[in-house]
>>> print(open('run.pdb').read())   # PDB, C-alpha atoms
ATOM      1  CA  MET A  12      99.837 100.442  19.754
ATOM      2  CA  LYS A  13      99.563  97.118  17.935
ATOM      3  CA  LEU A  14     102.658  95.952  19.816
ATOM      4  CA  GLY A  15     100.885  96.226  23.147
ATOM      5  CA  TRP A  16     102.101  99.654  24.240
ATOM      6  CA  HIS A  17     100.078 101.540  26.819
ATOM      7  CA  VAL A  18     100.063 105.334  27.221
ATOM      8  CA  VAL A  19      99.693 107.254  30.477
ATOM      9  CA  ARG A  20      99.760 110.988  31.090
ATOM     10  CA  ASN A  21     101.547 112.205  34.230
ATOM     11  CA  PRO A  22     101.024 115.710  35.657
ATOM     12  CA  GLY A  23     103.643 118.362  35.071
ATOM     13  CA  GLN A  24     105.785 119.855  37.831
ATOM     14  CA  GLN A  25     103.436 122.799  38.433
ATOM     15  CA  GLN A  26     100.379 120.560  38.387
ATOM     16  CA  ILE A  27     101.910 118.223  40.976
ATOM     17  CA  SER A  28     102.390 121.110  43.404
ATOM     18  CA  ASP A  29      98.765 122.220  42.955
ATOM     19  CA  PRO A  30      96.606 120.260  45.472
ATOM     20  CA  SER A  31      93.395 121.249  43.692
ATOM     21  CA  ILE A  32      94.270 119.238  40.563
ATOM     22  CA  ASN A  33      92.979 115.675  40.394
ATOM     23  CA  ARG A  34      95.510 113.524  38.583
ATOM     24  CA  HIS A  35      92.967 111.009  37.233
ATOM     25  CA  GLU A  36      90.559 113.664  35.963
ATOM     26  CA  LEU A  37      93.448 115.516  34.329
ATOM     27  CA  GLU A  38      94.575 112.361  32.530
ATOM     28  CA  LEU A  39      91.038 111.399  31.503
ATOM     29  CA  ASN A  40      90.347 114.853  30.054
ATOM     30  CA  PHE A  41      93.664 114.806  28.178
ATOM     31  CA  PHE A  42      92.967 111.540  26.349
ATOM     32  CA  ARG A  43      89.406 112.592  25.527
ATOM     33  CA  THR A  44      90.180 116.025  24.092
ATOM     34  CA  LYS A  45      93.775 116.150  22.854
ATOM     35  CA  SER A  46      94.563 115.013  19.329
ATOM     36  CA  PRO A  47      95.976 112.563  18.269
ATOM     37  CA  TRP A  48      95.697 110.906  21.687
ATOM     38  CA  ASN A  49      91.903 110.886  21.637
ATOM     39  CA  ASP A  50      92.022 108.472  18.683
ATOM     40  CA  ILE A  51      93.593 105.714  20.795
ATOM     41  CA  ALA A  52      91.285 103.085  22.254
ATOM     42  CA  GLU A  53      90.309 103.752  25.859
ATOM     43  CA  ASP A  54      91.661 100.390  27.034
ATOM     44  CA  GLN A  55      95.166 101.425  25.895
ATOM     45  CA  VAL A  56      95.439 104.732  27.735
ATOM     46  CA  GLY A  57      95.333 105.846  31.354
ATOM     47  CA  ILE A  58      96.303 104.387  34.703
ATOM     48  CA  LYS A  59      92.908 102.809  35.344
ATOM     49  CA  SER A  60      92.963 100.680  32.203
ATOM     50  CA  LEU A  61      96.664  99.940  32.792
ATOM     51  CA  ARG A  62      95.792  98.316  36.097
ATOM     52  CA  SER A  63      93.229  96.108  34.363
ATOM     53  CA  ARG A  64      95.681  95.127  31.629
ATOM     54  CA  LEU A  65      98.421  94.299  34.109
ATOM     55  CA  LYS A  66      95.955  92.230  36.124
ATOM     56  CA  ASP A  67      95.048  90.273  32.987
ATOM     57  CA  VAL A  68      98.719  89.748  32.168
ATOM     58  CA  LEU A  69      99.396  88.577  35.717
ATOM     59  CA  SER A  70      96.489  86.122  35.592
ATOM     60  CA  SER A  71      97.705  84.791  32.250
ATOM     61  CA  LEU A  72     101.216  84.283  33.569
ATOM     62  CA  GLN A  73      99.842  82.546  36.652
ATOM     63  CA  ALA A  74      97.837  80.145  34.509
ATOM     64  CA  THR A  75     100.917  79.424  32.413
ATOM     65  CA  ALA A  76     103.100  78.925  35.471
ATOM     66  CA  ILE A  77     100.982  76.111  36.900
ATOM     67  CA  GLN A  78     100.787  74.076  33.697
ATOM     68  CA  ILE A  79     102.897  70.946  34.051
ATOM     69  CA  ILE A  80     103.378  69.662  30.520
ATOM     70  CA  GLU A  81     107.040  68.662  30.477
ATOM     71  CA  PRO A  82     108.862  65.634  31.907
ATOM     72  CA  LYS A  83     110.895  68.121  33.938
ATOM     73  CA  ILE A  84     109.040  70.548  36.171
ATOM     74  CA  ASP A  85     110.759  73.909  36.463
ATOM     75  CA  VAL A  86     109.536  75.176  39.821
ATOM     76  CA  ARG A  87     110.601  78.712  38.923
ATOM     77  CA  LYS A  88     109.618  80.238  35.584
ATOM     78  CA  LEU A  89     110.957  83.700  36.379
ATOM     79  CA  HIS A  90     114.655  83.709  37.194
ATOM     80  CA  ASP A  91     115.514  87.423  37.034
ATOM     81  CA  ALA A  92     114.019  88.488  40.349
ATOM     82  CA  PRO A  93     114.634  91.992  41.729
ATOM     83  CA  LEU A  94     117.688  92.051  43.970
ATOM     84  CA  GLU A  95     115.813  93.392  46.986
ATOM     85  CA  ILE A  96     113.647  90.247  47.206
ATOM     86  CA  ASP A  97     115.911  87.636  45.612
ATOM     87  CA  ASP A  98     117.055  86.165  48.948
ATOM     88  CA  LEU A  99     113.431  85.701  49.977
ATOM     89  CA  LEU A 100     112.465  83.529  47.009
ATOM     90  CA  HIS A 101     112.701  79.787  46.544
ATOM     91  CA  PRO A 102     115.752  78.815  44.457
ATOM     92  CA  SER A 103     115.230  77.616  40.906
ATOM     93  CA  GLU A 104     115.255  73.837  40.485
ATOM     94  CA  GLN A 105     113.907  71.119  38.220
ATOM     95  CA  LEU A 106     111.845  68.183  39.436
ATOM     96  CA  SER A 107     111.199  64.976  37.538
ATOM     97  CA  SER A 108     107.604  64.220  36.595
ATOM     98  CA  SER A 109     106.556  60.567  36.655
ATOM     99  CA  SER A 110     104.137  59.166  34.090
ATOM    100  CA  SER A 111     101.029  57.221  35.051
ATOM    101  CA  GLU A 112     102.770  53.979  34.036
ATOM    102  CA  HIS A 113     105.612  54.676  36.448
ATOM    103  CA  ILE A 114     103.121  55.441  39.205
ATOM    104  CA  GLU A 115     101.281  52.159  38.672
ATOM    105  CA  THR A 116     104.567  50.235  38.725
ATOM    106  CA  TRP A 117     105.578  51.944  41.932
ATOM    107  CA  LEU A 118     102.160  51.329  43.522
ATOM    108  CA  ARG A 119     102.406  47.636  42.664
ATOM    109  CA  GLN A 120     105.798  47.484  44.375
ATOM    110  CA  VAL A 121     104.388  49.192  47.445
ATOM    111  CA  TYR A 122     101.389  46.865  47.466
ATOM    112  CA  ASP A 123     103.577  43.760  47.192
ATOM    113  CA  THR A 124     105.385  44.797  50.369
ATOM    114  CA  SER A 125     102.247  45.902  52.233
ATOM    115  CA  ARG A 126      99.686  43.136  51.687
ATOM    116  CA  GLY A 127      97.207  42.498  54.463
ATOM    117  CA  PHE A 128      96.369  39.145  56.027
ATOM    118  CA  GLU A 129      93.201  38.772  53.963
ATOM    119  CA  LEU A 130      93.155  38.267  50.195
ATOM    120  CA  GLY A 131      92.901  41.556  48.311
ATOM    121  CA  THR A 132      93.642  43.725  51.338
ATOM    122  CA  PHE A 133      96.623  45.900  52.179
ATOM    123  CA  GLY A 134      98.265  47.290  55.278
ATOM    124  CA  GLY A 135      96.687  50.312  56.913
ATOM    125  CA  HIS A 136      99.862  52.365  56.570
ATOM    126  CA  ILE A 137     100.026  52.115  52.766
ATOM    127  CA  LEU A 138      97.870  55.192  52.142
ATOM    128  CA  ALA A 139      99.973  57.335  54.452
ATOM    129  CA  THR A 140     103.160  56.040  52.822
ATOM    130  CA  THR A 141     101.995  56.628  49.249
ATOM    131  CA  MET A 142     100.502  60.023  50.044
ATOM    132  CA  LYS A 143     103.724  61.139  51.683
ATOM    133  CA  ARG A 144     105.672  60.067  48.600
ATOM    134  CA  GLN A 145     103.227  61.638  46.143
ATOM    135  CA  SER A 146     103.177  64.969  47.975
ATOM    136  CA  SER A 147     106.929  65.119  48.594
ATOM    137  CA  LYS A 148     107.391  67.723  45.818
ATOM    138  CA  TRP A 149     104.451  69.887  46.767
ATOM    139  CA  THR A 150     106.528  72.204  48.906
ATOM    140  CA  SER A 151     109.075  72.908  46.168
ATOM    141  CA  ILE A 152     106.384  73.343  43.498
ATOM    142  CA  SER A 153     104.244  75.647  45.622
ATOM    143  CA  LEU A 154     107.212  77.696  46.820
ATOM    144  CA  GLY A 155     108.411  78.082  43.235
ATOM    145  CA  TYR A 156     104.968  79.118  42.056
ATOM    146  CA  ILE A 157     104.431  81.614  44.877
ATOM    147  CA  SER A 158     107.949  82.968  44.287
ATOM    148  CA  ASP A 159     107.017  83.688  40.661
ATOM    149  CA  VAL A 160     103.808  85.387  41.769
ATOM    150  CA  VAL A 161     105.816  87.487  44.227
ATOM    151  CA  VAL A 162     108.173  88.532  41.412
ATOM    152  CA  LEU A 163     105.262  89.495  39.148
ATOM    153  CA  LEU A 164     103.527  91.362  41.931
ATOM    154  CA  HIS A 165     106.703  93.214  42.865
ATOM    155  CA  ARG A 166     107.239  94.173  39.231
ATOM    156  CA  PHE A 167     103.665  95.404  39.026
ATOM    157  CA  ILE A 168     104.103  97.559  42.136
ATOM    158  CA  SER A 169     107.338  98.994  40.732
ATOM    159  CA  ALA A 170     105.675  99.662  37.372
ATOM    160  CA  ALA A 171     102.736 101.358  39.075
ATOM    161  CA  PHE A 172     105.098 103.617  41.009
ATOM    162  CA  SER A 173     106.939 104.464  37.808
ATOM    163  CA  ALA A 174     103.671 105.335  36.091
ATOM    164  CA  VAL A 175     102.405 107.703  38.763
ATOM    165  CA  CYS A 176     105.679 109.123  40.090
ATOM    166  CA  HIS A 177     107.866 110.875  37.526
ATOM    167  CA  ASP A 178     110.559 111.853  40.035
ATOM    168  CA  ALA A 179     113.084 108.998  40.174
ATOM    169  CA  ASP A 180     114.483 110.054  43.553
ATOM    170  CA  VAL A 181     111.049 110.225  45.147
ATOM    171  CA  MET A 182     110.089 106.862  43.690
ATOM    172  CA  SER A 183     113.317 105.256  44.916
ATOM    173  CA  ALA A 184     112.807 106.644  48.408
ATOM    174  CA  LEU A 185     109.201 105.426  48.429
ATOM    175  CA  VAL A 186     110.184 101.917  47.338
ATOM    176  CA  ASN A 187     112.923 101.783  49.968
ATOM    177  CA  ALA A 188     110.450 102.868  52.638
ATOM    178  CA  MET A 189     108.053 100.069  51.670
ATOM    179  CA  THR A 190     110.551  97.284  50.985
ATOM    180  CA  GLU A 191     110.707  95.931  54.535
ATOM    181  CA  LYS A 192     106.938  95.690  54.946
ATOM    182  CA  LEU A 193     106.519  94.313  51.440
ATOM    183  CA  THR A 194     109.094  91.636  52.247
ATOM    184  CA  GLN A 195     107.227  90.703  55.414
ATOM    185  CA  ARG A 196     104.011  90.229  53.465
ATOM    186  CA  TYR A 197     105.751  88.224  50.760
ATOM    187  CA  ARG A 198     107.279  85.998  53.439
ATOM    188  CA  THR A 199     103.879  85.491  55.077
ATOM    189  CA  ALA A 200     102.478  84.218  51.774
ATOM    190  CA  LEU A 201     105.456  81.897  51.263
ATOM    191  CA  ASP A 202     105.048  80.490  54.775
ATOM    192  CA  GLN A 203     101.510  79.350  53.923
ATOM    193  CA  THR A 204     102.667  76.983  51.185
ATOM    194  CA  HIS A 205     104.059  74.223  53.392
ATOM    195  CA  PRO A 206     101.591  71.300  53.230
ATOM    196  CA  MET A 207     100.672  69.469  56.390
ATOM    197  CA  SER A 208     102.004  65.958  56.821
ATOM    198  CA  ASN A 209      99.783  63.019  57.710
ATOM    199  CA  ALA A 210     100.835  63.416  61.333
ATOM    200  CA  ASP A 211      99.952  67.112  61.179
ATOM    201  CA  HIS A 212      96.466  66.254  59.913
ATOM    202  CA  ILE A 213      95.980  63.703  62.690
ATOM    203  CA  VAL A 214      97.193  66.150  65.327
ATOM    204  CA  LYS A 215      94.855  68.810  63.954
ATOM    205  CA  ASP A 216      91.919  66.376  64.040
ATOM    206  CA  ILE A 217      92.773  65.413  67.617
ATOM    207  CA  HIS A 218      92.978  69.080  68.539
ATOM    208  CA  ASP A 219      89.583  69.828  66.965
ATOM    209  CA  ILE A 220      87.943  66.890  68.764
ATOM    210  CA  LEU A 221      89.639  67.789  72.037
ATOM    211  CA  ARG A 222      88.557  71.402  71.733
ATOM    212  CA  ALA A 223      84.922  70.456  71.095
ATOM    213  CA  TYR A 224      84.935  67.988  73.999
ATOM    214  CA  TYR A 225      86.727  70.499  76.214
ATOM    215  CA  GLU A 226      84.163  73.232  75.545
ATOM    216  CA  VAL A 227      81.247  70.931  76.414
ATOM    217  CA  THR A 228      82.971  69.484  79.472
ATOM    218  CA  LEU A 229      84.087  72.910  80.669
ATOM    219  CA  GLU A 230      80.494  74.112  80.912
ATOM    220  CA  ARG A 231      79.572  71.044  82.962
ATOM    221  CA  PHE A 232      82.640  71.505  85.136
ATOM    222  CA  LYS A 233      81.821  75.172  85.809
ATOM    223  CA  ASP A 234      78.231  74.262  86.701
ATOM    224  CA  ASN A 235      79.493  71.623  89.114
ATOM    225  CA  VAL A 236      81.947  73.998  90.796
ATOM    226  CA  LEU A 237      79.618  76.991  91.028
ATOM    227  CA  LYS A 238      76.178  75.487  91.553
ATOM    228  CA  GLN A 239      76.981  72.229  93.303
ATOM    229  CA  ALA A 240      80.171  72.636  95.311
ATOM    230  CA  THR A 241      80.031  76.382  96.005
ATOM    231  CA  ASP A 242      76.368  77.330  96.176
ATOM    232  CA  TYR A 243      74.639  74.166  97.402
ATOM    233  CA  PHE A 244      77.258  72.635  99.677
ATOM    234  CA  LEU A 245      78.832  75.842 101.019
ATOM    235  CA  LEU A 246      76.225  78.626 100.890
ATOM    236  CA  SER A 247      72.555  77.803 100.377
ATOM    237  CA  GLY A 248      72.087  74.059 100.948
ATOM    238  CA  PRO A 249      70.604  72.514 104.115
ATOM    239  CA  ASP A 250      73.952  71.219 105.341
ATOM    240  CA  THR A 251      76.236  74.175 104.628
ATOM    241  CA  PRO A 252      78.914  75.230 107.137
ATOM    242  CA  LEU A 253      76.812  78.336 107.833
ATOM    243  CA  ASN A 254      74.004  76.175 109.260
ATOM    244  CA  LEU A 255      76.157  73.990 111.499
ATOM    245  CA  PHE A 256      76.211  76.187 114.639
ATOM    246  CA  SER A 257      72.595  76.292 115.819
ATOM    247  CA  PRO A 258      70.463  75.595 118.931
ATOM    248  CA  THR A 259      70.158  72.017 117.755
ATOM    249  CA  PHE A 260      73.942  71.674 117.668
ATOM    250  CA  VAL A 261      74.332  73.160 121.179
ATOM    251  CA  SER A 262      71.570  71.048 122.731
ATOM    252  CA  ALA A 263      73.147  67.890 121.368
ATOM    253  CA  LEU A 264      76.423  68.492 123.236
ATOM    254  CA  THR A 265      77.183  66.230 126.233
ATOM    255  CA  PRO A 266      78.171  67.746 129.607
ATOM    256  CA  ASP A 267      81.749  66.705 129.029
ATOM    257  CA  GLU A 268      81.740  68.388 125.609
ATOM    258  CA  VAL A 269      80.244  71.559 127.112
ATOM    259  CA  GLU A 270      82.856  71.471 129.864
ATOM    260  CA  HIS A 271      85.582  70.953 127.297
ATOM    261  CA  ILE A 272      84.322  73.822 125.167
ATOM    262  CA  ALA A 273      83.231  76.403 127.764
ATOM    263  CA  GLY A 274      84.645  75.115 131.081
ATOM    264  CA  GLU A 275      87.239  76.969 133.137
ATOM    265  CA  ALA A 276      90.878  76.251 132.716
ATOM    266  CA  PRO A 277      92.482  73.891 135.309
ATOM    267  CA  LYS A 278      94.589  76.724 136.742
ATOM    268  CA  VAL A 279      91.501  78.825 137.335
ATOM    269  CA  LYS A 280      89.739  75.867 138.952
ATOM    270  CA  ARG A 281      92.646  75.305 141.334
ATOM    271  CA  ARG A 282      92.732  78.969 142.257
ATOM    272  CA  ARG A 283      88.974  78.989 142.814
ATOM    273  CA  ALA A 284      89.202  75.903 145.104
ATOM    274  CA  GLN A 285      92.047  77.467 147.079
ATOM    275  CA  LEU A 286      90.129  80.692 147.564
ATOM    276  CA  GLY A 287      87.113  78.664 148.689
ATOM    277  CA  ARG A 288      89.174  76.913 151.344
ATOM    278  CA  GLU A 289      90.610  80.206 152.562
ATOM    279  CA  ILE A 290      87.139  81.718 152.805
ATOM    280  CA  ARG A 291      85.923  78.784 154.879
ATOM    281  CA  SER A 292      88.948  79.032 157.188
ATOM    282  CA  LEU A 293      88.397  82.734 157.707
ATOM    283  CA  SER A 294      84.705  82.166 158.354
ATOM    284  CA  GLU A 295      85.490  79.546 161.029
ATOM    285  CA  ALA A 296      88.067  81.835 162.670
ATOM    286  CA  LYS A 297      85.564  84.686 162.729
ATOM    287  CA  ALA A 298      82.959  82.475 164.405
ATOM    288  CA  ILE A 299      85.426  81.460 167.130
ATOM    289  CA  LEU A 300      86.274  85.075 167.861
ATOM    290  CA  ILE A 301      82.630  85.987 168.167
ATOM    291  CA  ARG A 302      81.929  83.162 170.633
ATOM    292  CA  GLY A 303      84.983  83.957 172.746
TER     293      GLY A 303
END
>>> encode(input="run.pdb", output="C-alpha cells")
Amino acid sequence: MKLGWHVVRNPGQQQISDPSINRHELELNFFRTKSPWNDIAEDQVGIKSLRSRLKDVLSSLQATAIQIIEPKIDVRKLHDAPLEIDDLLHPSEQLSSSSSEHIETWLRQVYDTSRGFELGTFGGHILATTMKRQSSKWTSISLGYISDVVVLLHRFISAAFSAVCHDADVMSALVNAMTEKLTQRYRTALDQTHPMSNADHIVKDIHDILRAYYEVTLERFKDNVLKQATDYFLLSGPDTPLNLFSPTFVSALTPDEVEHIAGEAPKVKRRRAQLGREIRSLSEAKAILIRG
C-alpha cells in the first residue's frame, strides 16, 4: 500500500442479483471485520475514499498543468487521450513564452509608433492593440488546459465504472450509452474557453446599456400608448370620439349641413314635385267638373 494502491471490494454474482444488499454497506463491513483487510488504513480502501483520492489527484494534476515555468508552453500535458474523445480535444502544440525584457522591448516599439500629440501621451488604440497581442495565445492555452481536464475526468469516470461494475460487457455497454452525452458536455465546456475580443467587450457593453435604456423607455412607451393615446384620447377623455356626436354637435349644424346629412335625395325631390303638380292639376279639374 506504500506504492499508492487502493483496494475496493465488489459484490459477488449472487450478491449483485440480490436487490436487498447494499453495495456500500457490504464493502464497509468487509474492510472493518475481515482480516487482514481491516488492518489497512480507511483512506486506502473502499469506493468512498477512492473518490476523494482521485479528486485530490485530479486537483494536483490541474495545478501542475497551469504552471508555466518553461520557455516553451506545452498546451497539452496529456497526449494519450481515449480514442472516443480524441477528435474533440485541442491538438498538442508548443507556444513560445516571452520574458519580461522582451515584453518591454516590444511595448517600446509599439509606443514609438503610437505616440500622441502631447508629450508623454499615446494613441487611444494602443491598449486595444497590445491587449489583443498579449491575449492571442489564450485560446490555445485554455483549450489545451480544458482538454487535459476532460481527459482526466474521462479517465476518472472510466475508472469509477471499472471499480463498481465487474462485468466488462456491461461496463462497455454503459460507457457506449453515455459517450454521446458525455461528448456533448465536454464540448460545451470547451466552447466556453474562447475569450472575447475588444470588439466583443464593446458590443456587450453597448448591449447592456441598450437593454437598460430599453427597459426604462419601454415602460414609458407603454404608459403613453395605454394611458394617454388609448384611454384619455380614445375612451375616457373629454374629447374622445365617443363624445363627438351629441346635442351640442347637432345644434351647431347649419341648415345646409342638415340638408346635406338628412335631406332627401334629388330623385326623390323631383318625384315629390311632380306628384305635387299632378295633385294640383287633378284638384283643378275636379273643381271645374263640380261647377259645370
>>> closest_residue(input="run.pdb", among="A:Ile27, A:Ala284, A:Val175, A:Ala263", to="A:Gly57", atoms="only C-alpha atoms")
A:Val175
>>> residues_around(input="run.pdb", residues="A:Gln203", least_positions_apart="4", cutoff="10 Å", atoms="all atoms listed in the file", output="list of chain:residue names")
A:Ser153, A:Leu154, A:Ile157, A:Arg198, A:Thr199
>>> atom_distance(input="run.pdb", atom1="atom CA of A:Asn49", atom2="atom CA of A:Leu61")
16.3 Å
>>> resolve_selection(input="run.pdb", expression="the PyMOL selection byres ((chain A and resi 95) around 12)", output="ChimeraX atom specification")
/A:91-94,96-100,161-162,165-166,169,186-187,189-191,193-194,197
>>> atom_distance(input="run.pdb", atom1="atom CA of A:Ser173", atom2="atom CA of A:Asp54")
19.1 Å
